[in-house]
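**Student:** Let me begin by handing over the structure; questions about it come next.
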Amino acid sequence: MLERVVEAIERRDCERANRLLQDLKQQEPDHPWIAFYSARLAEASGNLAVAEQGYREVLCNATNPKIISQARQGIERLVQIERQQRQQERDRAMAEPGSQKPAVLVLEAIDPELRQSAAKKFAKIMNLDLYIARLQLPTRSWRLYRTGSLGELRFYSAAIAAAEIPCFCLPISRINAIEVYKVRYFQSALATATVICQEKNGRSVAIDFDWSQVSQRVEVLLPLFEKCVDRDVRGRLIRKTQIQDYVKVCDLHLPGRNAIVRLWDRGYQFHEGIIFFDRQRSADGQTTLSEKWNHLMQFLQQQLATIPVWSDFNAFAGMARDFSDTLKLIDPQIDLFRREETDWDNTFQLYSGLVLLSSSRTPKPIR
């Protein structure tokens with residue numbers, strides 16, 4: 001009977017092999033090879049997940065060295081089959097139009113309680129050690145996990161999402177296509193707000209938007225750097241660059257217009273436009289920039305009290321700034337005086353742009 005089962009499987013006559021196995025189970029339910037050939041039949045039928053589970057159960061329960069050896073060979077075959085299938089899927093993704101465009105793959109935060117089980121799936125998809133895979137899955141904020149061609153990253157994104165690990169993939173071109181309105185001041189702020197913005201050519205232009213069009217805010221601190229003189233552990237003078245101050249930035253997202261209304265404390269002209277508090281235009285030096293900015297944020301909070309606020313930029317930037325070549329492709333869209341080039345502004349534009357473009361996917365806001 002067993003020889004006929006083997007022969008039927010080798011001929012890919014899965015229906016006959018199944019009937020013979022059922023007969024064998026009735027005649028000899030304790031036959032040591034039944035579990036193995038049940039898994040082998042599942043493999044021949046294309047049920048790879050069932051076959052893998054069957055082979056692993058054989059490894060746990062069998063004592064016959066020959067059965068154990070063949071079960072291990074079966075698992076190795078499944079690994080090779082899966083790799084070939086994934087390579088074929090990847091090749092198809094790479095052949096699609098626009099697949100060579102530069103893109104980013106972002107991992108979203110997952111529930112810490114699900115991290116261990118998710119890491120097993122992630123390790124298999126990305127061919128990683130389980131410990132490394134677990135460390136790479138974020139639990140608090142987004143993580144820019146990989147950059148590369150759009151086709152390749154779409155392939156990985158689909159596989160990761162199928163494993164119920166939240167992620168998304170977007171081309172850099174969509175980040176750069178976002179319209180950014182650089183606000184100088186609010187001219188009016190009724191149901192429809194009017195802001196005076198500065199265009200790239202330096203001219204001023206009035207932009208109108210309804211408060212109801214704003215889907216979310218992004219609030220961050222961008223560091224400003226200065227060269228200074230310090231002493232090392234031996235007391236010798238050294239020159240180094242360190243953070244001297246921060247620029248406060250607030251983006252208002254208009255997803256319906258694929259646009260961002262951007263404000264920052266050193267670019268906002270508090271002496272123009274509407275007044276948010278009594279001493280806003282005081283020239284006696286008693287009103288600080290920080291105080292003025294706080295009043296502006298209180299005004300925005302009153303207008304936009306129900307929308308989410310994203311403020312986890314620093315955690316995202318800590319990983320994203322490792323991808324310097326990709327960041328160079330992004331137009332930072334903010335006018336800050338910097339003595340030296342930095343990728344912080346590019347990283348912020350990427351972060352805010354990703355939040356805007358993923359808003360239709362109802363991502364989890366971080367407040």
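Ligands are numbered from 1 in the order shown, residues from 1 within each chain, and chains are lettered A, B, ... in the order they appear in the structure tokens.
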For Pro255 of chain A, please output as a ChimeraX atom specification all residues within 12 Å (counting only C-alpha atoms; exclusion window: fewer than 4 positions along the same chain).

**Tutor:** /A:178-180,209,212-217,259-261,352-361

**Student:** Could you go through segment 30-146 of chain A and tell me which residues DSSP, when run on the backbone, assigns to strand (DSSP E or B), listing them as number ranges by chain?

**Tutor:** A: 102-107, 143-146

**Student:** Those same residues - N, CA, C and O atoms - I'd like them written as a PDB file, in the first residue's frame.

**Tutor:**
ATOM      1  N   PRO A 102      12.730  56.134  -7.591  1.00  0.00           N
ATOM      2  CA  PRO A 102      13.143  56.023  -6.184  1.00  0.00           C
ATOM      3  C   PRO A 102      11.936  56.125  -5.260  1.00  0.00           C
ATOM      4  O   PRO A 102      11.025  56.915  -5.496  1.00  0.00           O
ATOM      5  N   ALA A 103      11.951  55.318  -4.202  1.00  0.00           N
ATOM      6  CA  ALA A 103      10.801  55.258  -3.301  1.00  0.00           C
ATOM      7  C   ALA A 103      11.272  54.940  -1.888  1.00  0.00           C
ATOM      8  O   ALA A 103      12.459  54.675  -1.654  1.00  0.00           O
ATOM      9  N   VAL A 104      10.332  54.976  -0.956  1.00  0.00           N
ATOM     10  CA  VAL A 104      10.624  54.656   0.443  1.00  0.00           C
ATOM     11  C   VAL A 104       9.610  53.641   0.943  1.00  0.00           C
ATOM     12  O   VAL A 104       8.460  53.615   0.506  1.00  0.00           O
ATOM     13  N   LEU A 105      10.060  52.806   1.870  1.00  0.00           N
ATOM     14  CA  LEU A 105       9.201  51.830   2.538  1.00  0.00           C
ATOM     15  C   LEU A 105       9.200  52.153   4.026  1.00  0.00           C
ATOM     16  O   LEU A 105      10.264  52.189   4.652  1.00  0.00           O
ATOM     17  N   VAL A 106       8.027  52.396   4.573  1.00  0.00           N
ATOM     18  CA  VAL A 106       7.883  52.810   5.972  1.00  0.00           C
ATOM     19  C   VAL A 106       7.141  51.737   6.753  1.00  0.00           C
ATOM     20  O   VAL A 106       6.083  51.260   6.324  1.00  0.00           O
ATOM     21  N   LEU A 107       7.695  51.366   7.900  1.00  0.00           N
ATOM     22  CA  LEU A 107       7.026  50.473   8.832  1.00  0.00           C
ATOM     23  C   LEU A 107       6.284  51.322   9.856  1.00  0.00           C
ATOM     24  O   LEU A 107       6.857  52.231  10.450  1.00  0.00           O
ATOM     25  N   ARG A 143       8.953  54.019  11.126  1.00  0.00           N
ATOM     26  CA  ARG A 143      10.370  53.797  10.856  1.00  0.00           C
ATOM     27  C   ARG A 143      10.582  53.722   9.357  1.00  0.00           C
ATOM     28  O   ARG A 143       9.949  52.911   8.671  1.00  0.00           O
ATOM     29  N   LEU A 144      11.451  54.596   8.835  1.00  0.00           N
ATOM     30  CA  LEU A 144      11.859  54.485   7.439  1.00  0.00           C
ATOM     31  C   LEU A 144      12.774  53.278   7.340  1.00  0.00           C
ATOM     32  O   LEU A 144      13.922  53.322   7.762  1.00  0.00           O
ATOM     33  N   TYR A 145      12.228  52.188   6.805  1.00  0.00           N
ATOM     34  CA  TYR A 145      12.944  50.919   6.857  1.00  0.00           C
ATOM     35  C   TYR A 145      13.881  50.709   5.673  1.00  0.00           C
ATOM     36  O   TYR A 145      14.988  50.203   5.833  1.00  0.00           O
ATOM     37  N   ARG A 146      13.430  51.096   4.484  1.00  0.00           N
ATOM     38  CA  ARG A 146      14.255  50.809   3.309  1.00  0.00           C
ATOM     39  C   ARG A 146      13.945  51.821   2.210  1.00  0.00           C
ATOM     40  O   ARG A 146      12.827  52.318   2.099  1.00  0.00           O
TER      41      ARG A 146
END

**Student:** Using only C-alpha atoms, pick whichever of A:Glu15, A:Glu152, A:Asp265, A:Asp251 has the shortest atom-to-atom distance to Gln87 of chain A.

**Tutor:**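 Smallest distance to Gln87 of chain A is found for A:Glu152.
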
**Student:** Would you list the contacts of segment 74-83 of chain A as a ChimeraX atom specification, taking every protein, DNA or RNA residue within 8 Å and counting only C-alpha atoms, but skipping same-chain residues closer than 5 positions in sequence?

**Tutor:** /A:40,43,48,52,55-56

**Student:** Nearest to Pro138 of chain A among A:Arg236, A:Arg174, A:Arg266, A:Arg115, with distances taken over only C-alpha atoms: which residue is it?

**Tutor:**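 That would be A:Arg115, the residue with the smallest distance to Pro138 of chain A.
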
**Student:** May I ask which of the residues A:Ser45, A:Ser149, A:Thr347, A:Asn258 is the closest one to Tyr181 of chain A, counting only C-alpha atoms?

**Tutor:** A:Asn258

**Student:** Counting only C-alpha atoms, what is within 7 Å of segment 119-124 of chain A, bar same-chain residues fewer than 5 positions away, as a list of chain:residue names?

**Tutor:**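 My list of contacting residues is A:Asp129, A:Leu130, A:Ala133, A:Arg134, A:Ile160, A:Ala163.
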
**Student:** Keeping only N, CA and C atoms, write the selected residues as an mmCIF file, in the first residue's frame.

**Tutor:**
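So again_10.cif came out as:
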data_model
loop_
_atom_site.group_PDB
_atom_site.id
_atom_site.type_symbol
_atom_site.label_atom_id
_atom_site.label_comp_id
_atom_site.auth_asym_id
_atom_site.auth_seq_id
_atom_site.Cartn_x
_atom_site.Cartn_y
_atom_site.Cartn_z
ATOM 1 N N ASP A 129 17.523 37.246 10.824
ATOM 2 C CA ASP A 129 17.525 36.564 12.107
ATOM 3 C C ASP A 129 16.340 37.065 12.921
ATOM 4 N N LEU A 130 15.706 36.171 13.684
ATOM 5 C CA LEU A 130 14.505 36.533 14.433
ATOM 6 C C LEU A 130 14.761 37.673 15.410
ATOM 7 N N ALA A 133 15.012 40.877 13.416
ATOM 8 C CA ALA A 133 13.693 41.244 12.905
ATOM 9 C C ALA A 133 12.850 41.899 13.993
ATOM 10 N N ARG A 134 12.935 41.370 15.194
ATOM 11 C CA ARG A 134 12.149 41.930 16.301
ATOM 12 C C ARG A 134 12.595 43.357 16.617
ATOM 13 N N ILE A 160 4.791 42.289 3.377
ATOM 14 C CA ILE A 160 4.750 42.666 4.794
ATOM 15 C C ILE A 160 3.316 42.948 5.231
ATOM 16 N N ALA A 163 1.315 39.940 5.842
ATOM 17 C CA ALA A 163 1.639 39.321 7.139
ATOM 18 C C ALA A 163 1.045 40.116 8.303
#

**Student:** So, counting only C-alpha atoms, which residue among A:Ser157, A:Cys197, A:Ala39, A:Phe186 is closest to Ala93 of chain A?

**Tutor:**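 The answer is A:Ser157, which sits nearest to Ala93 of chain A.
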
**Student:** What does the structure give for the distance between atom CA of Arg321 of chain A and atom CA of Asp343 of chain A, in Å to one decimal?

**Tutor:** 7.1 Å

**Student:** Could you go through segment 37-252 of chain A and tell me which residues DSSP, when run on the backbone, assigns to alpha helix (DSSP H), listing them as a PyMOL selection string?

**Tutor:** chain A and resi 37-45+48-61+65-95+115-126+130-136+150-162+172-176

**Student:** If you measure from atom CA of Ala95 of chain A to atom CA of Leu350 of chain A, what distance in Å do you get, rounded to one decimal?

**Tutor:**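 So the answer is 26.4 Å.
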
**Student:** Would you work out the distance separating atom CA of Cys60 of chain A from atom CA of Arg72 of chain A, expressed in Å to one decimal?

**Tutor:**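 Separating atom CA of Cys60 of chain A from atom CA of Arg72 of chain A is a distance of 11.3 Å.
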
**Student:** Could you check which of A:Ile334, A:Ala158, A:Ile132, A:Cys250 is closest to Met297 of chain A, using only C-alpha atoms?

**Tutor:**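 With only C-alpha atoms as the atom set, the closest residue is A:Cys250.
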